[in-house]
$ cat entry_13.txt   # compact mmCIF, C-alpha atoms
# COMPACT_ATOMS: atom_id res chain seq x y z
CA MET A 671 10.66 81.77 159.36
CA ASN A 672 13.71 84.06 159.64
CA LYS A 673 14.51 84.16 155.93
CA PHE A 674 15.99 87.07 153.97
CA GLU A 675 15.35 87.70 150.27
CA VAL A 676 17.44 90.40 148.60
CA ARG A 677 16.60 91.61 145.09
CA ASN A 678 18.34 94.20 142.89
CA MET A 679 19.95 95.84 145.90
CA ASP A 680 22.33 98.76 145.34
CA LEU A 681 23.93 100.79 148.11
CA TYR A 682 25.65 104.15 147.78
CA TYR A 683 27.68 106.24 150.19
CA GLY A 684 27.23 109.62 148.54
CA SER A 685 28.44 109.03 144.97
CA PHE A 686 30.38 105.86 145.86
CA HIS A 687 28.64 102.70 144.60
CA ALA A 688 29.45 100.32 147.47
CA LEU A 689 27.13 97.38 146.63
CA LYS A 690 25.99 96.50 143.12
CA ASN A 691 22.83 94.62 142.15
CA ILE A 692 22.86 92.08 144.97
CA ASN A 693 20.43 89.17 144.48
CA ILE A 694 20.48 86.39 147.07
CA ASP A 695 18.17 84.22 149.15
CA ILE A 696 19.30 83.38 152.68
CA PRO A 697 17.48 80.32 154.09
CA GLU A 698 16.65 80.00 157.76
CA LYS A 699 18.88 78.02 160.15
CA GLU A 700 21.77 77.99 157.71
CA ILE A 701 25.22 79.54 157.96
CA THR A 702 26.06 81.93 155.15
CA ALA A 703 29.66 83.12 155.06
CA PHE A 704 31.00 86.20 153.27
CA ILE A 705 34.62 86.34 152.20
CA GLY A 706 36.67 88.82 150.20
CA PRO A 707 39.32 91.51 150.61
CA SER A 708 38.97 94.35 153.10
CA GLY A 709 36.70 97.09 151.82
CA CYS A 710 34.86 94.89 149.30
CA GLY A 711 31.43 95.42 150.91
CA LYS A 712 30.96 92.45 153.27
CA SER A 713 30.27 94.44 156.43
CA THR A 714 28.35 97.06 154.48
CA PHE A 715 25.93 94.43 153.22
CA LEU A 716 25.41 92.74 156.56
CA LYS A 717 24.89 96.04 158.38
CA SER A 718 22.09 96.76 155.93
CA LEU A 719 20.27 93.62 157.12
CA ASN A 720 19.56 95.17 160.52
CA ARG A 721 19.69 98.77 159.29
CA MET A 722 22.92 99.74 161.00
CA ASN A 723 23.65 101.74 157.84
CA ASP A 724 20.78 104.04 158.81
CA LEU A 725 23.36 105.70 161.05
CA VAL A 726 25.69 106.54 158.15
CA GLU A 727 25.20 109.96 156.59
CA GLY A 728 24.71 109.87 152.83
CA CYS A 729 23.85 106.17 152.70
CA ARG A 730 21.21 105.29 150.07
CA ILE A 731 19.75 101.85 149.40
CA SER A 732 17.58 100.76 146.46
CA GLY A 733 16.03 97.41 145.64
CA ASP A 734 14.26 95.05 148.02
CA ILE A 735 15.46 93.57 151.31
CA LYS A 736 12.69 91.38 152.70
CA LEU A 737 12.61 89.52 156.00
CA ASP A 738 9.86 86.91 155.93
CA GLY A 739 8.18 88.82 153.10
CA VAL A 740 8.32 92.25 154.78
CA ASP A 741 10.61 94.85 153.20
CA ILE A 742 12.63 96.18 156.13
CA TYR A 743 13.11 99.58 154.44
CA LYS A 744 10.07 100.20 152.24
CA ASP A 745 7.60 98.76 154.75
CA LYS A 746 9.40 100.65 157.54
CA MET A 747 9.86 97.70 159.85
CA ASP A 748 10.45 98.97 163.40
CA VAL A 749 14.22 99.14 163.89
CA ASN A 750 14.07 97.97 167.51
CA VAL A 751 11.98 94.95 166.53
CA LEU A 752 14.37 94.19 163.66
CA ARG A 753 17.47 94.35 165.84
CA LYS A 754 15.92 92.04 168.40
CA ARG A 755 15.51 89.54 165.59
CA VAL A 756 18.92 90.16 163.98
CA GLY A 757 21.71 90.43 166.54
CA MET A 758 25.37 91.26 165.92
CA VAL A 759 28.74 90.23 167.36
CA PHE A 760 31.20 92.85 166.19
CA GLN A 761 34.87 92.64 165.29
CA LYS A 762 35.73 95.08 168.08
CA PRO A 763 33.42 94.46 171.04
CA ASN A 764 32.75 97.36 173.36
CA PRO A 765 31.31 96.23 176.70
CA PHE A 766 29.31 98.78 178.64
CA PRO A 767 30.76 100.39 181.80
CA MET A 768 28.53 98.36 184.11
CA SER A 769 28.77 95.02 185.89
CA ILE A 770 29.59 91.90 183.90
CA TYR A 771 26.20 90.53 184.91
CA ASP A 772 24.40 93.59 183.52
CA ASN A 773 26.52 93.45 180.34
CA ILE A 774 25.24 89.95 179.61
CA ALA A 775 21.67 90.59 180.78
CA PHE A 776 21.42 93.73 178.62
CA SER A 777 20.20 91.68 175.64
CA ARG A 778 17.16 90.33 177.47
CA PRO A 779 15.70 92.42 180.29
CA GLY A 780 13.98 90.19 182.82
CA ALA A 781 16.29 87.21 182.32
CA THR A 782 16.89 85.22 185.50
CA ARG A 783 20.31 84.95 187.11
CA GLU A 784 20.35 81.26 186.22
CA GLU A 785 19.80 82.12 182.55
CA VAL A 786 22.59 84.71 182.60
CA ILE A 787 25.01 82.23 184.16
CA ALA A 788 23.97 79.53 181.66
CA ALA A 789 24.75 81.93 178.79
CA ALA A 790 28.16 82.71 180.31
CA LYS A 791 28.92 79.00 180.63
CA ALA A 792 27.93 78.40 177.02
CA ALA A 793 30.20 81.27 175.96
CA LYS A 794 33.12 79.73 177.91
CA ILE A 795 33.57 82.76 180.16
CA HIS A 796 31.93 81.61 183.43
CA ASN A 797 35.17 80.31 184.99
CA PHE A 798 36.96 83.57 184.21
CA ILE A 799 34.13 85.58 185.76
CA MET A 800 34.12 83.44 188.91
CA GLY A 801 37.85 84.10 189.29
CA LEU A 802 37.31 87.86 189.53
CA PRO A 803 37.20 89.45 193.01
CA ASP A 804 33.52 90.42 192.64
CA GLY A 805 32.50 87.70 190.20
CA TYR A 806 29.48 88.70 188.12
CA ASP A 807 29.29 92.00 190.03
CA THR A 808 32.70 93.12 188.72
CA ILE A 809 32.37 96.48 186.98
CA VAL A 810 33.87 96.77 183.50
CA SER A 811 35.98 99.93 183.52
CA ASP A 812 35.12 102.87 181.25
CA ASP A 813 38.09 102.06 179.02
CA GLY A 814 37.47 98.31 179.22
CA LEU A 815 41.09 97.65 180.11
CA ASN A 816 40.35 95.42 183.08
CA ILE A 817 39.34 92.57 180.75
CA SER A 818 41.20 91.25 177.71
CA GLN A 819 40.07 91.48 174.08
CA GLY A 820 39.19 87.78 174.03
CA GLN A 821 37.19 88.08 177.24
CA LYS A 822 35.30 91.06 175.80
CA GLN A 823 34.46 88.99 172.75
CA MET A 824 33.20 86.07 174.83
CA LEU A 825 31.18 88.53 176.92
CA THR A 826 29.41 89.76 173.77
CA ILE A 827 28.86 86.15 172.69
CA ALA A 828 27.26 85.43 176.08
CA ARG A 829 25.01 88.46 175.56
CA ALA A 830 24.02 87.10 172.13
CA MET A 831 23.45 83.63 173.65
CA LEU A 832 20.97 85.13 176.09
CA SER A 833 19.13 87.18 173.49
CA ASP A 834 16.00 86.06 171.70
CA ALA A 835 17.58 86.80 168.31
CA LYS A 836 17.06 83.93 165.88
CA MET A 837 19.38 85.54 163.31
CA LEU A 838 22.97 86.55 164.03
CA ILE A 839 25.65 88.54 162.24
CA LEU A 840 29.19 87.58 163.27
CA ASP A 841 31.55 90.21 161.87
CA GLU A 842 35.17 89.05 162.15
CA ALA A 843 34.47 87.89 165.69
CA THR A 844 37.86 86.17 166.11
CA SER A 845 40.17 88.51 164.19
CA ASN A 846 41.72 90.36 167.15
CA VAL A 847 42.66 87.47 169.43
CA ASP A 848 45.48 84.94 169.71
CA THR A 849 45.16 81.39 168.38
CA ARG A 850 44.36 79.77 171.75
CA THR A 851 41.65 82.31 172.52
CA GLU A 852 40.32 81.95 168.99
CA GLN A 853 39.78 78.23 169.57
CA GLN A 854 37.75 79.00 172.71
CA ILE A 855 35.69 81.60 170.86
CA GLN A 856 35.14 79.26 167.92
CA GLU A 857 33.74 76.64 170.30
CA ALA A 858 31.44 79.23 171.87
CA MET A 859 30.36 80.44 168.43
CA ARG A 860 29.41 76.93 167.32
CA ALA A 861 27.06 76.72 170.30
CA LEU A 862 25.78 80.23 169.58
CA MET A 863 24.96 79.43 165.94
CA LYS A 864 23.01 76.24 166.67
CA ASP A 865 19.44 76.48 165.31
CA ARG A 866 19.94 80.11 164.25
CA THR A 867 20.21 81.75 160.84
CA CYS A 868 23.78 83.06 160.80
CA PHE A 869 25.82 85.41 158.66
CA VAL A 870 29.57 85.14 159.13
CA ILE A 871 32.38 87.41 157.94
CA ALA A 872 35.89 86.04 158.31
CA HIS A 873 39.25 86.01 156.59
CA ARG A 874 40.36 82.73 158.15
CA LEU A 875 39.30 79.70 156.13
CA SER A 876 38.82 77.60 159.28
CA THR A 877 36.00 79.92 160.30
CA VAL A 878 33.96 79.63 157.10
CA GLN A 879 34.71 76.29 155.46
CA ASN A 880 31.83 74.54 157.25
CA ALA A 881 29.27 77.17 156.22
CA ASP A 882 26.30 75.98 154.17
CA THR A 883 26.98 78.68 151.57
CA ILE A 884 30.03 80.89 150.98
CA LEU A 885 29.58 84.15 149.08
CA VAL A 886 32.71 85.63 147.51
CA VAL A 887 32.56 89.42 147.34
CA GLN A 888 34.72 91.73 145.20
CA HIS A 889 34.24 95.46 144.60
CA GLY A 890 30.67 95.33 145.89
CA ASP A 891 29.67 92.36 143.70
CA ILE A 892 28.96 88.75 144.67
CA ILE A 893 31.14 86.99 142.10
CA GLU A 894 30.94 83.37 143.32
CA GLN A 895 28.82 81.32 145.67
CA GLY A 896 28.62 77.73 146.80
CA SER A 897 29.85 75.37 149.49
CA HIS A 898 33.56 75.19 150.28
CA ASP A 899 33.96 72.01 148.23
CA GLU A 900 32.03 73.47 145.28
CA LEU A 901 34.16 76.62 145.23
CA MET A 902 37.38 74.63 145.49
CA GLN A 903 36.31 72.52 142.50
CA LYS A 904 35.56 75.62 140.45
CA GLY A 905 39.12 76.85 141.01
CA GLY A 906 38.03 80.49 140.90
CA VAL A 907 38.84 83.43 143.16
$ encode --input "entry_13.txt" --output "structure tokens"
Amino acid sequence: MNKFEVRNMDLYYGSFHALKNINIDIPEKEITAFIGPSGCGKSTFLKSLNRMNDLVEGCRISGDIKLDGVDIYKDKMDVNVLRKRVGMVFQKPNPFPMSIYDNIAFSRPGATREEVIAAAKAAKIHNFIMGLPDGYDTIVSDDGLNISQGQKQMLTIARAMLSDAKMLILDEATSNVDTRTEQQIQEAMRALMKDRTCFVIAHRLSTVQNADTILVVQHGDIIEQGSHDELMQKGGV
């Protein structure tokens, strides 16, 4: 099914009330976009969907967060199983210091070379890889400086393409690249999101205006929701 239901969710970092009484249903195979100013709680909420906030000291969550009827916290869903179902493409990708091939294949051990190459082609990075001296066997340096920011992002998109994840979190995936590279990444992201349940964070309107639902977040609250046209007609935030 791949459907989230969130009820009466509050999240605290120590005494700081970061998310307040969140109540939303997220249907499968739809794109749900989150917009709002920096620090309003967008990333905090989405990280809670695959329990990335487990890594943050002092983080406390109350309420219910259910994936296909199973509460991912109270029912203690296995984190590794959860993260295979809910993948992430981060704002600042950090490829591993291994070959480009292994970086892509990391998301699905046992994938064939043909499948890895198909994922790279879908992510619009195959031609770049083939232009490298060692092609797919090129090692990404420890500091990652031998590939550009845009190429790192498309590498992580290729990894997500190859994964079995049916739900994806795209957290400002185009914010650190130039306009031309952004267009390439946007095209790759459209292919990536096909037939998946997707959660998108972005500040650029072009990234979110075609989402099925846009959630407007302020100070940890969801203050508006609807399609782009519906929100424009409301004339709100």
$ atom_distance --input "entry_13.txt" --atom1 "atom CA of Gln895 of chain A" --atom2 "atom CA of Cys868 of chain A"
16.0 Å
$ residues_around --input "entry_13.txt" --residues "Leu752 of chain A" --least-positions-apart "3" --cutoff "12 Å" --atoms "all atoms listed in the file" --output "list in words"
Asn672, Lys717, Ser718, Leu719, Asn720, Arg721, Met722, Lys736, Leu737, Asp738, Val740, Asp741, Ile742, Tyr743, Lys746, Met747, Asp748, Val749, Arg755, Val756, Gly757, Met758, Asp834, Ala835, Lys836, Met837 and Leu838 of chain A
$ atom_distance --input "entry_13.txt" --atom1 "atom CA of Tyr806 of chain A" --atom2 "atom CA of Ile770 of chain A"
5.3 Å
$ closest_residue --input "entry_13.txt" --among "A:Tyr683, A:Ile795, A:Phe715, A:Lys754" --to "Gln854 of chain A" --atoms "all atoms listed in the file"
A:Ile795
$ closest_residue --input "entry_13.txt" --among "A:Leu840, A:Ile893, A:Val759, A:Leu802" --to "Ala828 of chain A" --atoms "all atoms listed in the file"
A:Val759
